[in-house]
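Chemist: Got a structure for you, questions after.
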Amino acid sequence: MADVKLHGFWASPFSYRVIWALKIKGVDYEYIEEDLSNKSELLLKYNPVYKKIPVLVHGGKPIAESLVILEYIEETWPGNPLLPSDPYEKAMARFWIQFAVAKASVYRAFFVSTGGEDQEKARKDWLEVLKILEDQALGDKKFFGGDTINLVDISYGVLAYWFKNTEEVIGIKVLEPTTLPRLSQWVQNFMQVPVIKENIPDSHKMLAYLRIVREKIIVAEQHNK
Amino acid sequence: MDEVKLLGMWLSPYSYRVIWALKQKGIAYEYREEDLSNQSPLLLQSNPVHKKIPVLIHGGKPICESSVILEYMEEIWPQNSLLSSDPYERAIARFWIKFADDKICGTKGEEQNKAIEESLEMLKTIEEDALGDKKFFGGDNISMVDIAFGGLAYWPGIVEKVVGTNLLEPHRFGRPQAWTKRFMEVPEIKENLPDLRRIVKKEN
C-alpha cells in the first residue's frame with residue numbers, strides 16, 4: 001500500500017483533526033513535525049498556495065486544507081465511516097462543519113480581546129455561536145455524530161481542548177455547565193474517547209504556547225491601529 | 001420526483017453556482033428571488049442560522065451553503081458529473097473551491113479597490129497552479145471548480161460598469177481571460193448570467 005505522511009505542527013488543532021481521523025481509520029502514517037518559523041522545502045513544495053500545515057501526502061501526492069484532507073481520508077479509507085451515508089444527513093454534517101469556518105472570526109475576536117467593552121462584546125458574540133451549536137447541531141445527542149464521534153466532532157475538537165486552554169489564558173470562562181450544559185457534557189465525552197485522549201498536546205506546553213501566540217497577535221494588532 | 005426550490009439573489013455568485021449546477025444536471029426547479037434587506041419567511045425558516053441565500057429546498061428539506069449544496073446535488077443527481085470519481089482529483093477540486101471561497105467576496109464601496117487587488121493576485125495563482133493549459137478547470141468539460149470560480153467570469157463586467165476599470169487585462173492574464181470567454185460560452189452558463197443592464201452606474 002502506498003505510504004502516508006503527515007506534515008503537522010504539535011500545537012495545531014487542524015493538525016490534530018487529521019491525526020484523529022487517521023487513527024480512527026487505523027491508517028499507518030509517518031508524522032513530520034514542521035517548524036512554522038522555518039518551514040521545510042517539502043512543505044513549501046507541497047502547499048505552495050498557502051504554505052501551511054497540515055498537509056497529507058499519500059503515495060507522494062499532497063493534499064492541503066484540513067477539511068479537504070478529512071473528506072479525502074473518508075473516501076479513501078471507508079471503514080469506520082465518519083460521515084452519514086444518507087445524502088441529506090451528510091449535507092447537514094457538512095453544513096455544521098462549514099459553520100465553524102464561518103464563525104472562526106468570532107473565535108479569533110474573543111481570543112485577542114483584552115478587556116472592557118470590547119472583550120464583553122466578543123465574549124457575548126462567541127457565547128451566541130456556542131449556543132447555536134449546542135441547540136441546533138448537538139441537541140440531545142451524545143456526540144455531533146450520534147452515539148459515536150464523526151467528522152463534525154473532529155472539526156470541533158478545537159472547542160474541547162484548545163478553547164478550554166484559551167479560557168485559562170484569557171481568564172474568562174464561556175463554555176461552562178451553567179451556560180452550556182449539553183456542550184459542556186460533549187467536551188467531557190469527547191475528551192474521553194480513547195483516540196482523542198491518547199492524541200492531544202501536552203497541557204503545560206499548550207498553555208505556554210497559547211500565551212505567547214496571543215501576546216504576539218495583540219502586540220501586532222496594536223501596532224496596526 | 002421531489003420538488004426542488006432555489007432561494008437566490010440575481011447578483012450573487014453563490015446563487016449562480018447552484019443555478020449552473022442545476023442547469024448542467026437538467027434538474028427542473030422553482031426559483032425565488034430574495035430581497036436580502038427583507039428576507040422572506042421561507043428563507044428565515046429554511047436558513048435560521050445564517051439567514052442567507054442560496055438555499056436549496058428538496059422535497060421540503062432545506063440545504064444551505066453553496067459548497068454543501070453542490071456536494072449534495074452531485075450525490076443525488078450524479079448525471080453530468082461535476083466532480084471526478086477519483087478521491088485525489090476530488091481533493092484537488094475541493095482545495096480550489098475552498099480557495100475560491102476564501103478569496104472571492106462581495107465588494108462594497110471602499111473595499112472595492114482592495115478586492116480588485118486581491119482578485120488579481122488570485123488570478124495569478126489560478127493561472128499558474130490550477131488551470132495550466134486545460135480548457136476548463138475540469139478538463140474538457142466544466143466542473144465544480146469552474147462553477148466556483150464562475151463569479152469571476154461576470155464580476156469584472158460589473159466592476160467595469162460601476163467603477164470603469166478593466167479588471168482582466170488580456171496581456172496580463174491570458175489564460176484566465178481565455179477561460180472566462182470559454183466558460184461564458186457554455187450554453188447553460190450563457191443563458192444564466194446576471195443582466196448587466198439592470199446595474200446602474202454609481203454616480204461618484
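Every chain in the C-alpha cells takes a letter, A first, then B, and so on in the order presented; its residues are numbered from 1, and the ligands are numbered from 1 following the presented order.
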With a cut-off of 7 Å and counting only C-alpha atoms, select all residues of chain B in contact with chain A and give the selection as a PyMOL selection string.
Modeler: chain B and resi 63-65+68+72+75+87+91+94-95
Chemist: For Leu44 (chain B), find every residue with an atom within 12 Å (counting only C-alpha atoms), except residues of its own chain fewer than 6 positions away, and show them as a PyMOL selection string.
Modeler: chain B and resi 7+34-36+38+50-55+62+64
Chemist: Give me the residues within 7 Å of region 190-195 of chain A as a compact mmCIF listing (two decimals) with all heavy atoms, in the first residue's frame, counting only C-alpha atoms and dropping any in the same chain fewer than 4 places off.
Modeler:
```txt
# COMPACT_ATOMS: atom_id res chain seq x y z
N TRP A 20 -6.47 12.48 14.31
CA TRP A 20 -7.59 11.71 14.85
C TRP A 20 -8.27 10.86 13.79
O TRP A 20 -8.59 9.70 14.02
CB TRP A 20 -8.62 12.67 15.49
CG TRP A 20 -8.10 13.38 16.70
CD1 TRP A 20 -7.14 12.95 17.58
CD2 TRP A 20 -8.51 14.66 17.17
NE1 TRP A 20 -6.94 13.88 18.56
CE2 TRP A 20 -7.76 14.94 18.34
CE3 TRP A 20 -9.44 15.62 16.73
CZ2 TRP A 20 -7.92 16.12 19.08
CZ3 TRP A 20 -9.60 16.78 17.46
CH2 TRP A 20 -8.84 17.03 18.62
N LYS A 23 -6.10 7.88 12.85
CA LYS A 23 -6.07 6.89 13.93
C LYS A 23 -7.37 6.09 13.97
O LYS A 23 -7.36 4.87 14.11
CB LYS A 23 -5.87 7.59 15.30
CG LYS A 23 -4.53 8.27 15.47
CD LYS A 23 -3.48 7.35 16.01
CE LYS A 23 -2.17 8.09 16.21
NZ LYS A 23 -1.05 7.18 16.45
N ILE A 24 -8.50 6.79 13.84
CA ILE A 24 -9.80 6.11 13.87
C ILE A 24 -9.89 5.10 12.74
O ILE A 24 -10.43 4.01 12.90
CB ILE A 24 -10.95 7.13 13.80
CG1 ILE A 24 -11.05 7.89 15.12
CG2 ILE A 24 -12.28 6.45 13.47
CD1 ILE A 24 -12.00 9.08 15.07
N ALA A 160 -13.03 21.48 22.50
CA ALA A 160 -12.87 20.59 23.63
C ALA A 160 -11.54 20.81 24.34
O ALA A 160 -11.46 20.72 25.56
CB ALA A 160 -12.99 19.14 23.18
N TRP A 186 -20.60 17.41 26.18
CA TRP A 186 -19.96 16.92 24.96
C TRP A 186 -18.45 16.99 25.10
O TRP A 186 -17.73 16.06 24.72
CB TRP A 186 -20.41 17.73 23.74
CG TRP A 186 -19.61 17.39 22.51
CD1 TRP A 186 -19.78 16.32 21.67
CD2 TRP A 186 -18.47 18.09 22.02
NE1 TRP A 186 -18.83 16.31 20.68
CE2 TRP A 186 -18.00 17.39 20.87
CE3 TRP A 186 -17.78 19.24 22.42
CZ2 TRP A 186 -16.89 17.81 20.13
CZ3 TRP A 186 -16.67 19.66 21.69
CH2 TRP A 186 -16.25 18.95 20.55
N ASN A 199 -4.30 11.21 22.02
CA ASN A 199 -3.68 12.07 21.00
C ASN A 199 -4.05 13.52 21.19
O ASN A 199 -4.87 14.07 20.45
CB ASN A 199 -4.10 11.59 19.59
CG ASN A 199 -3.56 10.22 19.27
OD1 ASN A 199 -2.39 10.05 18.96
ND2 ASN A 199 -4.43 9.22 19.38
```
Chemist: Determine which residues of chain A DSSP labels as strand (DSSP E) from the backbone of this structure, then write them out as a ChimeraX atom specification.
Modeler: /A:4-8,30-33,55-58,61-64
Chemist: Quick check, in Å to one decimal: how far apart do CA of Phe110 (chain A) and CA of Ala122 (chain A) lie?
Modeler: 4.9 Å
Chemist: Can you tell me how far CA of Ala11 (chain A) sits from CA of Arg214 (chain A), in Å to one decimal?
Modeler: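 So the two atoms, CA of Ala11 (chain A) and CA of Arg214 (chain A), lie 13.4 Å apart.
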Chemist: Considering only C-alpha atoms, can you say which of B:Glu30, B:Pro41, B:Met122, B:Leu131 comes closest to Lys103 (chain B)?
Modeler: B:Met122
Chemist: Could you work out how far CA of Asp2 (chain B) lies from CA of Pro194 (chain B), giving the answer in Å with one decimal?
Modeler: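 Value for the CA of Pro194 (chain B)-CA of Asp2 (chain B) distance: 27.6 Å.
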